[in-house]
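One file, final-v3.pdb, is given below (PDB, C-alpha atoms).
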MODEL        1
ATOM      1  CA  MET A 204      33.962 -57.858 -30.418
ATOM      2  CA  LYS A 205      34.838 -55.119 -27.919
ATOM      3  CA  ILE A 206      38.551 -54.323 -27.588
ATOM      4  CA  ILE A 207      40.126 -51.728 -25.337
ATOM      5  CA  GLN A 208      43.589 -50.693 -26.500
ATOM      6  CA  ILE A 209      45.915 -49.006 -24.032
ATOM      7  CA  GLY A 210      48.862 -47.043 -25.393
ATOM      8  CA  ASN A 211      51.555 -45.176 -23.518
ATOM      9  CA  THR A 212      52.417 -42.070 -25.496
ATOM     10  CA  ARG A 213      51.684 -38.391 -25.858
ATOM     11  CA  LEU A 214      49.437 -37.286 -28.677
ATOM     12  CA  PRO A 215      50.354 -36.133 -31.169
ATOM     13  CA  SER A 216      53.993 -37.208 -31.173
ATOM     14  CA  GLU A 217      56.752 -37.524 -33.732
ATOM     15  CA  LYS A 218      57.878 -40.846 -32.188
ATOM     16  CA  ALA A 219      57.656 -44.057 -34.226
ATOM     17  CA  HIS A 220      56.000 -46.038 -31.421
ATOM     18  CA  THR A 221      53.192 -43.469 -31.349
ATOM     19  CA  ARG A 222      52.629 -43.984 -35.069
ATOM     20  CA  GLN A 223      52.408 -47.735 -34.415
ATOM     21  CA  ILE A 224      49.892 -47.209 -31.600
ATOM     22  CA  ILE A 225      47.766 -44.957 -33.813
ATOM     23  CA  GLU A 226      47.910 -47.385 -36.763
ATOM     24  CA  MET A 227      46.896 -50.251 -34.471
ATOM     25  CA  ALA A 228      44.029 -48.162 -33.079
ATOM     26  CA  ASN A 229      42.925 -47.239 -36.589
ATOM     27  CA  SER A 230      43.007 -50.880 -37.679
ATOM     28  CA  LEU A 231      41.171 -52.169 -34.590
ATOM     29  CA  GLN A 232      38.536 -49.445 -34.824
ATOM     30  CA  SER A 233      37.899 -50.192 -38.492
ATOM     31  CA  LYS A 234      37.016 -53.815 -37.678
ATOM     32  CA  TYR A 235      35.819 -53.914 -34.055
ATOM     33  CA  ASP A 236      34.108 -51.916 -31.359
ATOM     34  CA  SER A 237      37.370 -50.518 -30.044
ATOM     35  CA  ILE A 238      38.672 -47.480 -28.226
ATOM     36  CA  LEU A 239      42.198 -46.258 -27.501
ATOM     37  CA  TYR A 240      43.035 -45.126 -23.969
ATOM     38  CA  VAL A 241      46.234 -43.162 -23.391
ATOM     39  CA  PRO A 242      47.557 -41.423 -20.280
ATOM     40  CA  LYS A 243      47.484 -37.647 -20.334
ATOM     41  CA  ARG A 244      51.008 -36.482 -21.175
ATOM     42  CA  PHE A 245      52.710 -33.111 -21.094
ATOM     43  CA  GLN A 246      53.224 -31.804 -24.634
ATOM     44  CA  ASP A 247      56.613 -30.077 -24.616
ATOM     45  CA  ASN A 248      56.781 -29.540 -28.370
ATOM     46  CA  PRO A 249      55.022 -26.217 -29.102
ATOM     47  CA  THR A 250      54.550 -27.023 -32.800
ATOM     48  CA  LEU A 251      52.669 -30.232 -31.936
ATOM     49  CA  LYS A 252      50.331 -28.549 -29.428
ATOM     50  CA  LYS A 253      48.304 -26.985 -32.239
ATOM     51  CA  ASN A 254      47.891 -30.164 -34.306
ATOM     52  CA  LYS A 255      44.743 -32.238 -34.357
ATOM     53  CA  ILE A 256      45.498 -35.937 -33.973
ATOM     54  CA  GLU A 257      43.584 -37.053 -37.066
ATOM     55  CA  LYS A 258      45.161 -34.398 -39.285
ATOM     56  CA  PHE A 259      48.656 -35.050 -37.931
ATOM     57  CA  TYR A 260      48.413 -38.786 -38.672
ATOM     58  CA  ASN A 261      46.301 -38.382 -41.824
ATOM     59  CA  ILE A 262      43.536 -40.690 -40.599
ATOM     60  CA  LYS A 263      39.804 -40.462 -40.044
ATOM     61  CA  LYS A 264      38.330 -39.867 -36.615
ATOM     62  CA  LEU A 265      39.650 -42.139 -33.870
ATOM     63  CA  LYS A 266      37.920 -42.945 -30.614
ATOM     64  CA  ILE A 267      40.472 -41.841 -28.025
ATOM     65  CA  LYS A 268      40.024 -41.302 -24.305
ATOM     66  CA  PHE A 269      42.640 -39.923 -21.963
ATOM     67  CA  LEU A 270      43.348 -41.541 -18.621
ATOM     68  CA  PHE A 271      43.690 -39.259 -15.656
ATOM     69  CA  GLY A 272      46.889 -39.216 -13.721
ATOM     70  CA  PHE A 273      50.151 -37.563 -14.456
ATOM     71  CA  ASP A 274      53.065 -37.737 -16.851
ATOM     72  CA  ASP A 275      55.656 -39.950 -15.153
ATOM     73  CA  ILE A 276      58.184 -39.416 -17.971
ATOM     74  CA  TYR A 277      57.996 -35.623 -17.624
ATOM     75  CA  TRP A 278      58.272 -35.747 -13.832
ATOM     76  CA  ASN A 279      61.131 -38.255 -13.960
ATOM     77  CA  LYS A 280      63.121 -35.708 -15.986
ATOM     78  CA  LYS A 281      62.399 -33.101 -13.277
ATOM     79  CA  ILE A 282      62.771 -35.052 -10.035
ATOM     80  CA  GLY A 283      63.953 -38.587 -10.852
ATOM     81  CA  MET A 284      62.383 -41.617  -9.134
ATOM     82  CA  LYS A 285      61.588 -43.368 -12.437
ATOM     83  CA  VAL A 286      60.371 -46.684 -10.998
ATOM     84  CA  PHE A 287      58.225 -45.076  -8.285
ATOM     85  CA  LEU A 288      56.598 -42.658 -10.745
ATOM     86  CA  TYR A 289      55.997 -45.466 -13.273
ATOM     87  CA  ILE A 290      54.281 -47.664 -10.673
ATOM     88  CA  LEU A 291      52.218 -44.711  -9.418
ATOM     89  CA  ARG A 292      51.059 -43.912 -12.981
ATOM     90  CA  ILE A 293      50.168 -47.553 -13.621
ATOM     91  CA  LEU A 294      48.165 -47.715 -10.382
ATOM     92  CA  LEU A 295      46.302 -44.484 -11.203
ATOM     93  CA  ASN A 296      45.592 -45.734 -14.732
ATOM     94  CA  PHE A 297      44.412 -49.065 -13.303
ATOM     95  CA  ILE A 298      42.010 -47.322 -10.903
ATOM     96  CA  HIS A 299      40.657 -45.195 -13.757
ATOM     97  CA  LEU A 300      40.205 -48.252 -15.992
ATOM     98  CA  ILE A 301      38.330 -50.181 -13.298
ATOM     99  CA  PHE A 302      35.652 -47.478 -13.468
ATOM    100  CA  VAL A 303      35.399 -47.413 -17.280
ATOM    101  CA  LEU A 304      35.833 -51.079 -18.169
ATOM    102  CA  ASN A 305      33.260 -53.749 -17.699
ATOM    103  CA  LYS A 306      33.544 -57.497 -17.766
ATOM    104  CA  ASN A 307      31.835 -57.527 -21.190
ATOM    105  CA  THR A 308      35.009 -56.185 -22.788
ATOM    106  CA  ASP A 309      36.365 -59.032 -24.903
ATOM    107  CA  TYR A 310      40.019 -57.982 -24.660
ATOM    108  CA  VAL A 311      42.231 -55.317 -23.165
ATOM    109  CA  TYR A 312      45.268 -54.943 -25.430
ATOM    110  CA  SER A 313      48.184 -53.104 -23.857
ATOM    111  CA  ARG A 314      51.886 -52.319 -24.120
ATOM    112  CA  GLU A 315      52.084 -52.026 -20.319
ATOM    113  CA  LEU A 316      53.039 -55.344 -18.659
ATOM    114  CA  LEU A 317      52.253 -54.338 -15.076
ATOM    115  CA  LEU A 318      48.912 -52.846 -16.087
ATOM    116  CA  THR A 319      48.091 -55.974 -18.121
ATOM    117  CA  VAL A 320      48.866 -58.181 -15.122
ATOM    118  CA  LEU A 321      46.766 -56.063 -12.729
ATOM    119  CA  LEU A 322      43.804 -56.179 -15.109
ATOM    120  CA  LYS A 323      44.243 -59.928 -15.568
ATOM    121  CA  ILE A 324      44.302 -60.499 -11.797
ATOM    122  CA  PHE A 325      41.016 -58.606 -11.539
ATOM    123  CA  GLY A 326      39.369 -60.791 -14.166
ATOM    124  CA  TYR A 327      39.826 -58.892 -17.432
ATOM    125  CA  LYS A 328      40.954 -60.693 -20.586
ATOM    126  CA  SER A 329      44.249 -58.890 -21.103
ATOM    127  CA  ILE A 330      46.909 -59.250 -23.764
ATOM    128  CA  PHE A 331      50.367 -57.702 -23.509
ATOM    129  CA  GLU A 332      52.192 -56.586 -26.657
ATOM    130  CA  ILE A 333      55.923 -56.895 -25.985
ATOM    131  CA  HIS A 334      58.472 -55.003 -28.059
ATOM    132  CA  GLN A 335      61.680 -55.597 -26.145
ATOM    133  CA  PHE A 336      63.241 -58.006 -23.682
ATOM    134  CA  ASN A 337      66.458 -57.872 -21.672
ATOM    135  CA  THR A 338      66.789 -54.116 -22.170
ATOM    136  CA  PRO A 339      66.871 -51.273 -19.630
ATOM    137  CA  ASP A 340      63.129 -50.703 -20.175
ATOM    138  CA  MET A 341      62.230 -54.420 -19.947
ATOM    139  CA  SER A 342      64.879 -56.233 -17.924
ATOM    140  CA  LYS A 343      64.761 -59.978 -17.371
ATOM    141  CA  SER A 344      64.550 -59.353 -13.642
ATOM    142  CA  ALA A 345      61.572 -56.964 -13.842
ATOM    143  CA  PHE A 346      59.846 -59.228 -16.375
ATOM    144  CA  GLY A 347      60.307 -62.263 -14.125
ATOM    145  CA  LYS A 348      59.093 -60.444 -10.995
ATOM    146  CA  ILE A 349      55.954 -59.160 -12.715
ATOM    147  CA  LEU A 350      55.177 -62.630 -14.097
ATOM    148  CA  LYS A 351      55.676 -64.218 -10.660
ATOM    149  CA  PHE A 352      53.325 -61.574  -9.220
ATOM    150  CA  HIS A 353      50.737 -62.488 -11.864
ATOM    151  CA  PHE A 354      50.949 -66.228 -11.278
ATOM    152  CA  LEU A 355      50.818 -65.750  -7.510
ATOM    153  CA  PHE A 356      47.274 -64.340  -7.851
ATOM    154  CA  ASN A 357      46.086 -65.782 -11.168
ATOM    155  CA  LYS A 358      46.855 -69.252 -12.472
ATOM    156  CA  SER A 359      45.267 -68.697 -15.891
ATOM    157  CA  PRO A 360      47.546 -68.203 -18.908
ATOM    158  CA  LEU A 361      49.063 -64.800 -19.557
ATOM    159  CA  HIS A 362      48.878 -63.904 -23.248
ATOM    160  CA  LEU A 363      51.695 -62.017 -24.939
ATOM    161  CA  ILE A 364      52.056 -60.769 -28.474
ATOM    162  CA  ALA A 365      55.717 -60.626 -29.506
ATOM    163  CA  ILE A 366      56.639 -58.469 -32.487
ATOM    164  CA  SER A 367      59.158 -60.986 -33.855
ATOM    165  CA  LYS A 368      60.035 -64.683 -33.722
ATOM    166  CA  ASN A 369      63.430 -63.779 -32.275
ATOM    167  CA  LEU A 370      61.789 -61.875 -29.415
ATOM    168  CA  LYS A 371      59.501 -64.836 -28.695
ATOM    169  CA  LYS A 372      62.525 -67.143 -28.638
ATOM    170  CA  LYS A 373      64.381 -64.882 -26.188
ATOM    171  CA  ILE A 374      61.396 -64.892 -23.827
ATOM    172  CA  THR A 375      60.720 -68.639 -24.039
ATOM    173  CA  ASN A 376      64.424 -69.413 -23.488
ATOM    174  CA  TYR A 377      64.308 -67.338 -20.298
ATOM    175  CA  TRP A 378      60.847 -68.156 -18.943
ATOM    176  CA  LYS A 379      59.928 -71.851 -18.980
ATOM    177  CA  TYR A 380      56.386 -71.551 -17.613
ATOM    178  CA  LYS A 381      53.609 -73.437 -19.379
ATOM    179  CA  ASN A 382      50.993 -70.756 -18.684
ATOM    180  CA  LEU A 383      52.747 -68.112 -20.738
ATOM    181  CA  LYS A 384      51.135 -68.026 -24.185
ATOM    182  CA  ILE A 385      53.086 -66.114 -26.821
ATOM    183  CA  ASP A 386      51.939 -65.398 -30.363
ATOM    184  CA  VAL A 387      53.985 -63.539 -32.957
ATOM    185  CA  LEU A 388      52.497 -60.618 -34.840
ATOM    186  CA  HIS A 389      55.305 -58.930 -36.717
ATOM    187  CA  ASP A 390      55.767 -55.239 -36.109
ATOM    188  CA  ALA A 391      55.186 -52.812 -38.994
TER     189      ALA A 391
ENDMDL
END
Starting from the file, give its structure as structure tokens.
Amino acid sequence: MKIIQIGNTRLPSEKAHTRQIIEMANSLQSKYDSILYVPKRFQDNPTLKKNKIEKFYNIKKLKIKFLFGFDDIYWNKKIGMKVFLYILRILLNFIHLIFVLNKNTDYVYSRELLLTVLLKIFGYKSIFEIHQFNTPDMSKSAFGKILKFHFLFNKSPLHLIAISKNLKKKITNYWKYKNLKIDVLHDA
């Protein structure tokens, strides 16, 4: 089985979500033909610049490829325009992925809802891993708009992986659409 995993982090990083992305990549790569794609990010921690990813996370060699584009989080701190920069990064990452993916990929596994939806619309088997709902980073309104955009162009089910039963319940209480498939895979 061929699985493309897309993470949104800088490498290496001291953040917990980065550890989770790396552990997922390590697990997927130990069992499947898998590769981790991450956007190129600005490393503002000088002590981390010198670290090798495998040594930092105490794991064997990972297959990692960096997506071209820019660091929307870094530029948002400098100039603002968070939503515009996020959408621009997602579009650039999408364009890059169109050139590296092929329809033989069994699944594209991502933590980026908009990117997952774009890939799904263009015929890729995409799964979105959701970690939060009704928060500033994943508002009900944004979630609903992105799902409506998906179902406008693609009537097939959208697959989500929720990291808890409570999160799944929050989503299903809000979104009553039969083509939203949600499985629970507990985080950590």
Subject >> Shell of 7 Å around A:Tyr240, only C-alpha atoms, local chain residues under 3 positions omitted, as a ChimeraX atom specification >> reply: /A:208-210,267-270
Original post:
Got a sec: who's within 9 Å of A:Lys205, counting only C-alpha atoms, leaving out chain neighbours fewer than 6 positions off, as an NGL selection string?
Top reply: :A and (235-238 or 307-311)
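Taken over the shown file, the PyMOL selection byres ((chain A and resi 325-332) around 8) identifies A:Lys306, A:Thr308, A:Asp309, A:Tyr310, A:Val311, A:Tyr312, A:Ser313, A:Arg314, A:Glu315, A:Leu316, A:Thr319, A:Val320, A:Leu321, A:Leu322, A:Lys323, A:Ile324, A:Ile333, A:His334, A:Leu361, A:His362, A:Leu363, A:Ile364, A:Ala365, A:Ile366.
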Original post:
Between A:Thr250, A:Ile349, A:Lys358, A:Leu304, which has the minimum distance to A:Ile290 (counting only C-alpha atoms)?
Top reply: A:Ile349
Subject >> Sphere at (55.3, -35.9, -25.1), radius 10 Å, counting all atoms listed in the file: residues as a ChimeraX atom specification >> reply: /A:212-218,243-248,251-252,274,276-277
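Across the structure, atom CA of A:Lys234 and atom CA of A:Met204 are spaced 8.9 Å apart.
Candidate residues A:Lys372, A:Leu355, A:Ala228, A:Asp340 were compared for distance to A:Lys285, and the nearest is A:Asp340, using all atoms listed in the file.
From atom CA of A:Thr221 back to atom CA of A:Thr375, the distance works out to 27.3 Å.
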**OP:** Tell me which protein, DNA and RNA residues are within 12 Å of A:Ser342, counting all atoms listed in the file, leaving out same-chain ones fewer than 4 positions away, and put them as a count of residues only.
**Re:** 12
Evaluating the PyMOL selection byres ((chain A and resi 296) around 9) on the displayed file yields which residues, as a PDB file with C-alpha atoms, in the coordinates of the input?
ATOM      1  CA  PRO A 242      47.557 -41.423 -20.280  1.00  0.00           C
ATOM      2  CA  LEU A 270      43.348 -41.541 -18.621  1.00  0.00           C
ATOM      3  CA  PHE A 271      43.690 -39.259 -15.656  1.00  0.00           C
ATOM      4  CA  GLY A 272      46.889 -39.216 -13.721  1.00  0.00           C
ATOM      5  CA  LEU A 291      52.218 -44.711  -9.418  1.00  0.00           C
ATOM      6  CA  ARG A 292      51.059 -43.912 -12.981  1.00  0.00           C
ATOM      7  CA  ILE A 293      50.168 -47.553 -13.621  1.00  0.00           C
ATOM      8  CA  LEU A 294      48.165 -47.715 -10.382  1.00  0.00           C
ATOM      9  CA  LEU A 295      46.302 -44.484 -11.203  1.00  0.00           C
ATOM     10  CA  PHE A 297      44.412 -49.065 -13.303  1.00  0.00           C
ATOM     11  CA  ILE A 298      42.010 -47.322 -10.903  1.00  0.00           C
ATOM     12  CA  HIS A 299      40.657 -45.195 -13.757  1.00  0.00           C
ATOM     13  CA  LEU A 300      40.205 -48.252 -15.992  1.00  0.00           C
ATOM     14  CA  ILE A 301      38.330 -50.181 -13.298  1.00  0.00           C
ATOM     15  CA  LEU A 318      48.912 -52.846 -16.087  1.00  0.00           C
TER      16      LEU A 318
END
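Relative to atom CA of A:Lys266, atom CA of A:Gln232 is found at 7.8 Å.
In this comparison, which uses all atoms listed in the file, the residue of A:Lys280, A:Ala219, A:Leu388, A:Phe259 approaching A:Leu370 most closely is A:Leu388.
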Any chance you could work out the axis-aligned box around stretch 210-216 of chain A, listed atoms only, 8 Å on each side, giving centre and edge lengths in Å to one decimal, as JSON?
{"center_x": 51.4, "center_y": -41.6, "center_z": -27.3, "size_x": 21.1, "size_y": 26.9, "size_z": 23.7}
